[in-house]
Structures are given as structure tokens and as C-alpha cells.
>>> print(open('coords13.cif').read())   # mmCIF, C-alpha atoms
data_my_file
loop_
_atom_site.label_atom_id
_atom_site.label_comp_id
_atom_site.auth_asym_id
_atom_site.auth_seq_id
_atom_site.Cartn_x
_atom_site.Cartn_y
_atom_site.Cartn_z
CA MET A 21 -45.96 91.59 135.87
CA LYS A 22 -42.34 90.56 135.66
CA ARG A 23 -41.12 87.95 138.07
CA ARG A 24 -38.33 89.16 140.29
CA TYR A 25 -36.68 87.44 143.18
CA ARG A 26 -34.74 90.12 145.02
CA ARG A 27 -35.08 90.04 148.77
CA LYS A 28 -32.85 92.01 151.14
CA LEU A 29 -31.30 90.48 154.22
CA VAL A 30 -31.79 92.66 157.26
CA THR A 31 -31.80 92.52 161.07
CA LEU A 32 -34.85 91.08 162.79
CA SER A 33 -36.79 93.55 164.94
CA ALA A 34 -37.56 92.11 168.37
CA ALA A 35 -40.60 94.32 168.72
CA ALA A 36 -41.95 93.21 165.37
CA LEU A 37 -41.22 89.61 166.31
CA ALA A 38 -43.45 89.89 169.35
CA ALA A 39 -46.17 91.75 167.48
CA GLY A 40 -46.24 89.20 164.71
CA ALA A 41 -45.98 86.22 167.05
CA LEU A 42 -43.29 84.69 164.87
CA ALA A 43 -41.07 81.82 165.82
CA ILE A 44 -37.70 81.95 164.12
CA GLY A 45 -34.63 80.13 165.26
CA ALA A 46 -31.89 82.50 166.41
CA ALA A 47 -29.24 80.75 164.35
CA ASP A 48 -31.18 79.68 161.27
CA HIS A 49 -33.06 82.10 159.02
CA THR A 50 -33.17 79.94 155.92
CA GLN A 51 -36.92 79.46 156.42
CA TRP A 52 -39.13 82.49 156.96
CA PRO A 53 -42.02 82.04 159.44
CA LEU A 54 -45.29 80.73 158.11
CA SER A 55 -48.19 83.18 158.05
CA PRO A 56 -51.67 81.80 158.73
CA ALA A 57 -53.90 81.41 155.71
CA PRO A 58 -56.73 83.93 155.41
CA PRO A 59 -60.39 82.92 155.68
CA ALA A 60 -62.10 81.93 152.45
CA ALA A 61 -63.81 85.34 152.36
CA PRO A 62 -61.36 87.80 153.97
CA ALA A 63 -62.59 90.59 156.20
CA PRO A 64 -62.25 94.20 155.00
CA PRO A 65 -58.73 95.60 155.31
CA PRO A 66 -57.84 97.69 158.35
CA THR A 67 -58.62 101.35 157.77
CA ALA A 68 -55.51 103.49 157.72
CA ALA A 69 -57.22 106.34 159.58
CA ALA A 70 -54.89 109.34 159.46
CA GLY A 71 -52.25 107.04 157.96
CA ASP A 72 -51.62 105.16 161.17
CA ILE A 73 -48.43 103.46 160.00
CA ALA A 74 -47.45 102.29 163.47
CA ARG A 75 -50.81 100.59 164.00
CA LEU A 76 -50.61 98.83 160.65
CA LEU A 77 -47.04 97.68 161.23
CA ALA A 78 -48.03 96.26 164.61
CA GLN A 79 -50.47 93.92 162.83
CA ILE A 80 -47.98 92.53 160.33
CA PRO A 81 -45.52 89.66 160.92
CA THR A 82 -41.94 90.74 160.21
CA ALA A 83 -39.09 88.44 159.22
CA THR A 84 -35.38 89.00 158.76
CA THR A 85 -35.72 87.94 155.16
CA ILE A 86 -38.37 86.34 153.01
CA THR A 87 -36.84 83.45 151.14
CA PRO A 88 -38.18 82.62 147.65
CA VAL A 89 -40.42 79.55 147.86
CA ALA A 90 -40.41 76.99 145.07
CA GLY A 91 -43.57 76.22 143.13
CA TYR A 92 -44.67 79.68 142.01
CA ASP A 93 -46.30 79.34 138.59
CA ARG A 94 -49.01 81.74 137.43
CA SER A 95 -49.54 80.15 134.04
CA CYS A 96 -52.73 78.17 133.64
CA LYS A 97 -51.68 76.47 130.41
CA LYS A 98 -51.59 72.69 130.26
CA GLY A 99 -48.81 71.32 132.45
CA HIS A 100 -48.59 74.44 134.63
CA SER A 101 -49.63 74.92 138.24
CA CYS A 102 -51.87 78.00 137.90
CA VAL A 103 -51.27 78.73 141.60
CA PHE A 104 -53.40 81.91 141.71
CA GLY A 105 -56.12 80.61 139.42
CA PRO A 106 -57.14 81.89 135.99
CA ALA A 107 -56.31 85.57 135.55
CA TRP A 108 -58.99 88.06 136.68
CA ASN A 109 -61.46 85.33 137.62
CA ASP A 110 -62.85 86.26 141.05
CA PRO A 111 -64.50 83.28 142.79
CA LEU A 112 -66.53 85.68 144.95
CA ASP A 113 -67.90 87.82 142.11
CA HIS A 114 -70.93 86.79 140.09
CA SER A 115 -71.40 89.92 137.98
CA GLY A 116 -70.22 88.20 134.82
CA CYS A 117 -67.50 90.83 134.42
CA ASP A 118 -63.82 89.98 134.89
CA THR A 119 -61.86 91.64 137.70
CA ARG A 120 -59.61 93.72 135.44
CA SER A 121 -62.60 95.24 133.66
CA ARG A 122 -64.30 96.02 136.97
CA VAL A 123 -61.16 97.78 138.24
CA LEU A 124 -60.86 99.85 135.07
CA ALA A 125 -64.53 100.81 135.20
CA ALA A 126 -64.22 101.87 138.83
CA GLN A 127 -60.92 103.76 138.65
CA LEU A 128 -60.90 105.42 135.21
CA HIS A 129 -62.61 108.66 134.20
CA ASP A 130 -64.82 109.21 131.14
CA VAL A 131 -65.14 105.46 130.72
CA GLN A 132 -66.57 104.05 127.52
CA PHE A 133 -67.74 100.46 127.14
CA LYS A 134 -67.98 98.07 124.24
CA PRO A 135 -71.64 97.83 123.20
CA GLY A 136 -73.36 94.61 124.15
CA THR A 137 -71.05 93.84 127.10
CA ARG A 138 -73.42 95.15 129.80
CA THR A 139 -71.02 97.95 130.77
CA CYS A 140 -68.18 95.47 131.30
CA LYS A 141 -65.57 95.70 128.53
CA VAL A 142 -63.81 99.07 128.83
CA THR A 143 -62.74 100.58 125.50
CA ALA A 144 -61.64 104.07 126.60
CA GLY A 145 -60.88 106.09 129.70
CA TRP A 146 -58.10 107.88 131.54
CA VAL A 147 -56.66 108.21 135.03
CA HIS A 148 -54.03 110.21 136.86
CA ASP A 149 -51.42 107.51 137.43
CA PRO A 150 -51.02 107.08 141.20
CA TYR A 151 -47.35 106.18 140.69
CA THR A 152 -46.29 109.19 138.59
CA GLY A 153 -49.12 111.71 138.81
CA GLN A 154 -49.30 111.82 135.01
CA ARG A 155 -52.52 111.53 133.07
CA ILE A 156 -52.59 108.24 131.15
CA THR A 157 -55.15 106.67 128.85
CA LEU A 158 -56.34 103.10 128.50
CA GLU A 159 -53.68 101.97 126.02
CA ASP A 160 -50.97 102.83 128.56
CA ILE A 161 -52.70 101.34 131.60
CA ALA A 162 -51.99 98.08 133.43
CA VAL A 163 -53.71 96.79 136.55
CA ASP A 164 -51.10 96.34 139.26
CA HIS A 165 -51.16 94.05 142.27
CA VAL A 166 -49.80 96.44 144.93
CA VAL A 167 -48.60 93.43 146.90
CA ALA A 168 -47.32 91.42 143.95
CA LEU A 169 -48.47 87.83 143.59
CA ARG A 170 -44.89 86.53 143.72
CA TYR A 171 -44.22 88.59 146.85
CA ALA A 172 -47.40 87.20 148.42
CA TRP A 173 -46.49 83.64 147.44
CA ASP A 174 -43.13 83.86 149.18
CA ALA A 175 -44.65 85.68 152.16
CA GLY A 176 -47.18 82.97 152.96
CA ALA A 177 -49.65 82.48 150.10
CA TRP A 178 -47.87 79.28 149.05
CA GLN A 179 -49.57 77.52 151.97
CA TRP A 180 -53.09 78.79 151.23
CA THR A 181 -55.78 76.85 149.39
CA PRO A 182 -56.23 77.53 145.65
CA GLN A 183 -59.47 79.38 146.36
CA GLN A 184 -57.82 81.62 148.95
CA ARG A 185 -55.08 82.50 146.47
CA ALA A 186 -57.68 83.25 143.77
CA ILE A 187 -59.51 85.55 146.19
CA PHE A 188 -56.28 87.39 146.93
CA ALA A 189 -55.37 87.75 143.26
CA ASN A 190 -58.73 89.40 142.56
CA ASP A 191 -59.06 91.53 145.69
CA THR A 192 -59.71 95.07 144.46
CA ASP A 193 -58.17 96.48 147.65
CA ASN A 194 -54.87 95.31 146.15
CA LEU A 195 -55.42 96.46 142.57
CA LEU A 196 -54.57 99.82 140.97
CA ALA A 197 -54.83 101.11 137.41
CA VAL A 198 -51.31 102.41 136.74
CA ASP A 199 -48.85 103.22 133.96
CA THR A 200 -47.72 100.03 132.22
CA ARG A 201 -44.06 101.06 132.43
CA GLU A 202 -44.28 101.69 136.17
CA ASN A 203 -46.00 98.36 136.65
CA SER A 204 -43.14 96.67 134.80
CA ALA A 205 -40.48 98.58 136.75
CA LYS A 206 -42.08 97.64 140.06
CA GLY A 207 -42.24 93.95 139.23
CA ASP A 208 -42.47 91.82 142.37
CA SER A 209 -40.69 94.34 144.59
CA GLY A 210 -41.57 95.39 148.10
CA PRO A 211 -41.21 98.98 149.41
CA SER A 212 -37.50 98.55 150.17
CA GLU A 213 -36.77 97.90 146.50
CA TRP A 214 -39.30 100.11 144.75
CA LEU A 215 -41.47 103.12 145.59
CA PRO A 216 -43.50 105.32 143.24
CA ALA A 217 -42.30 108.78 142.30
CA THR A 218 -45.41 110.33 143.86
CA GLY A 219 -47.73 109.36 146.69
CA GLN A 220 -45.19 107.15 148.45
CA CYS A 221 -46.93 107.29 151.82
CA ALA A 222 -50.32 106.46 150.34
CA TYR A 223 -48.68 103.58 148.47
CA VAL A 224 -47.05 102.03 151.54
CA ILE A 225 -50.27 102.39 153.53
CA ARG A 226 -52.13 100.43 150.86
CA PHE A 227 -49.31 97.85 150.72
CA LEU A 228 -49.32 97.42 154.51
CA SER A 229 -53.12 97.34 154.69
CA VAL A 230 -53.19 94.40 152.29
CA ALA A 231 -50.36 92.63 154.13
CA ALA A 232 -52.22 93.08 157.42
CA LYS A 233 -55.52 91.93 155.92
CA TYR A 234 -53.99 88.65 154.78
CA GLN A 235 -51.37 88.34 157.53
CA LEU A 236 -48.56 88.23 155.01
CA ALA A 237 -45.07 88.60 156.44
CA ILE A 238 -42.89 91.48 155.27
CA ALA A 239 -39.11 91.72 155.38
CA ASP A 240 -37.72 94.06 158.00
CA ALA A 241 -36.22 96.13 155.17
CA ASP A 242 -39.72 96.75 153.82
CA ARG A 243 -40.91 97.76 157.27
CA HIS A 244 -38.07 100.27 157.52
CA ALA A 245 -38.73 101.62 154.03
CA ALA A 246 -42.40 102.12 154.87
CA MET A 247 -41.53 104.14 157.95
CA ILE A 248 -39.15 106.34 155.95
CA ALA A 249 -41.72 106.88 153.18
CA CYS A 250 -44.34 107.90 155.71
CA PRO A 251 -42.39 109.52 158.59
CA ALA A 252 -45.37 111.41 160.01
CA GLY A 253 -47.63 108.39 159.60
CA VAL A 254 -49.98 110.41 157.40
CA ALA A 255 -50.80 109.65 153.78
CA SER A 256 -50.12 112.63 151.54
#
>>> encode(input="coords13.cif", output="C-alpha cells")
Amino acid sequence: MKRRYRRKLVTLSAAALAAGALAIGAADHTQWPLSPAPPAAPAPPPTAAAGDIARLLAQIPTATTITPVAGYDRSCKKGHSCVFGPAWNDPLDHSGCDTRSRVLAAQLHDVQFKPGTRTCKVTAGWVHDPYTGQRITLEDIAVDHVVALRYAWDAGAWQWTPQQRAIFANDTDNLLAVDTRENSAKGDSGPSEWLPATGQCAYVIRFLSVAAKYQLAIADADRHAAMIACPAGVAS
């Protein structure tokens, strides 16, 4: 996923401030409030019954802006920080199958596997792209972090332990098989900067559910965009 650093500066919501129990100086917003690190094995995400946007938003810390935090480095090559751990290596999974393969096997239709991989390595399959509604096949599929790793890093993951970040990076609640081009276009954006062409309400509910699960702060602009995308509070 491409690294992008855009963050919009918006007005802090007093109601969201209280709900998120944030402490931000009135005159200085150069530092966004720290979100607490999640437990080593996070609890299941809140269920968005009937698309309860208001209930989800009440659980999420909101900041005027989320400032990019230094130190983000996904590469695990020698000399790099590998801040979210080796790609697709879930510390909580012991199936012997990498996270990406498990997501593809679970979300694709008519899945075929490479012989001798114990139904792990996916070689064929298709899905209706949740971001465009178009049918796409394996060669055009990427696995997207709905809440991008860079977004999560800036929103609080920078202060977690390496294991907690690895758990987040492999949490299937935050992973979708999508069109590669849409994944690239989305980059590290939040809802205020990017929304899918279809299923916008369902998308923001998933985004907010993950943010609530890990107590990641969102910018007030993303909160506003989520409310616009889901005005009735119901996923369509």
C-alpha cells in the first residue's frame, strides 16, 4: 500500500472530546492525544448492529488533526525498523498458513489451492470487489488494511509493543480482498480523503469498528465524513 501523509486540519468536537476522554491543550494541537495500547489479544470488535454509527463514534477518540509520527517503517530488511512485523505473519495464528492466504481463502469464491500446501496457497478465485462492485479475479486482487497501517501508526500504534502492532496488522476484521487499483488509490487515507464507489456506509462502519476496537484516534474530518457516508446510520 502506498504511503501517504495527508491529514486534514479541522475543528475539535467538544462532544467527541468528552467521549474519547482526550486531553488536548486549547492553544497547541501540534501533538495529537495518545490512544491507549490494545491488549495483547484484542477483544472482538463492537458489532455495528443496524449500522449504529453514533454508538461507534461515541467509542472513538477524536482529535482536531492527527500529526504524522516519525519512525514508521514497514520494511523488515536489514537496517529497517519493521514496525508492524514481517508481512502476513500473525503471532496469534498457528495454522501454518500466512494471513493473506487465509483472507483470500475466506473471502474469494470458487477457490483453488496449490497442491501440497494443505489448502493454504490460493491459486485461483474471484470476488465482487467491495469497493467497486465489480467481479475481479485473483490476479487483480490485493488485501487491503481498511484502517491503513500508516494511519494506525500516526493514530496511536506507534506507542504499542511490536507484538501488538503485529496483531493489528494481521487482524482479519481489518482486511478485505479488493481491486489492486482501488487499494493503491486508497493508500493510507481515512474516510475524509477516500471512500469507495460502492458500499460507503458499510466501509465506514468497518473502519470505525476497527478504530473502536483498538482505541485509535480519528481526525474530526474523518468523523464528519463517516456521518455523511452513513446518514441514516444503517449499512447499505
>>> axis_aligned_box(input="coords13.cif", around="region 229-234 of chain A", padding_each_side="4 Å", output="AutoDock Vina command-line options")
--center_x -52.9 --center_y 93.0 --center_z 154.9 --size_x 13.2 --size_y 16.7 --size_z 13.1
>>> closest_residue(input="coords13.cif", among="A:Asp240, A:Asp193, A:Asp174, A:Asp110", to="Tyr223 (chain A)", atoms="all atoms listed in the file")
A:Asp193
>>> resolve_selection(input="coords13.cif", expression="the PyMOL selection byres ((chain A and resi 189) around 8)", output="VMD selection string")
chain A and resid 104 108 110 165 169 185 to 188 190 to 191
>>> atom_distance(input="coords13.cif", atom1="CA of Ile86 (chain A)", atom2="CA of Val224 (chain A)")
18.0 Å
>>> atom_distance(input="coords13.cif", atom1="CA of Glu159 (chain A)", atom2="CA of Val131 (chain A)")
12.9 Å
>>> closest_residue(input="coords13.cif", among="A:Arg155, A:Thr82, A:Ala162, A:Asp199", to="Gln235 (chain A)", atoms="only C-alpha atoms")
A:Thr82
>>> residues_near_point(input="coords13.cif", point="(-44.4, 85.8, 149.8)", cutoff="8 Å", atoms="all atoms listed in the file", output="ChimeraX atom specification")
/A:86,88-89,169-178,236-237
>>> build_atoms(input="coords13.cif", residues="region 166-180 of chain A", atoms="N, CA and C atoms", output="short mmCIF file (atom, residue, chain, number, x, y, z; two decimals), in the coordinates of the input")
data_model
loop_
_atom_site.label_atom_id
_atom_site.label_comp_id
_atom_site.auth_asym_id
_atom_site.auth_seq_id
_atom_site.Cartn_x
_atom_site.Cartn_y
_atom_site.Cartn_z
N VAL A 166 -50.68 95.64 144.06
CA VAL A 166 -49.80 96.44 144.93
C VAL A 166 -48.87 95.51 145.70
N VAL A 167 -49.42 94.52 146.38
CA VAL A 167 -48.60 93.43 146.90
C VAL A 167 -48.57 92.38 145.80
N ALA A 168 -47.44 92.29 145.12
CA ALA A 168 -47.32 91.42 143.95
C ALA A 168 -47.61 89.97 144.31
N LEU A 169 -48.12 89.22 143.34
CA LEU A 169 -48.47 87.83 143.59
C LEU A 169 -47.24 87.01 143.98
N ARG A 170 -46.11 87.26 143.34
CA ARG A 170 -44.89 86.53 143.72
C ARG A 170 -44.48 86.89 145.14
N TYR A 171 -44.56 88.16 145.49
CA TYR A 171 -44.22 88.59 146.85
C TYR A 171 -45.15 87.87 147.84
N ALA A 172 -46.44 87.85 147.53
CA ALA A 172 -47.40 87.20 148.42
C ALA A 172 -47.13 85.70 148.54
N TRP A 173 -46.79 85.08 147.43
CA TRP A 173 -46.49 83.64 147.44
C TRP A 173 -45.36 83.34 148.42
N ASP A 174 -44.27 84.08 148.30
CA ASP A 174 -43.13 83.86 149.18
C ASP A 174 -43.44 84.23 150.62
N ALA A 175 -44.35 85.18 150.82
CA ALA A 175 -44.65 85.68 152.16
C ALA A 175 -45.73 84.88 152.88
N GLY A 176 -46.22 83.81 152.26
CA GLY A 176 -47.18 82.97 152.96
C GLY A 176 -48.27 82.38 152.10
N ALA A 177 -48.54 82.96 150.92
CA ALA A 177 -49.65 82.48 150.10
C ALA A 177 -49.41 81.08 149.56
N TRP A 178 -48.16 80.64 149.55
CA TRP A 178 -47.87 79.28 149.05
C TRP A 178 -48.57 78.21 149.87
N GLN A 179 -48.93 78.53 151.12
CA GLN A 179 -49.57 77.52 151.97
C GLN A 179 -51.10 77.67 152.00
N TRP A 180 -51.65 78.63 151.27
CA TRP A 180 -53.09 78.79 151.23
C TRP A 180 -53.72 77.77 150.29
#
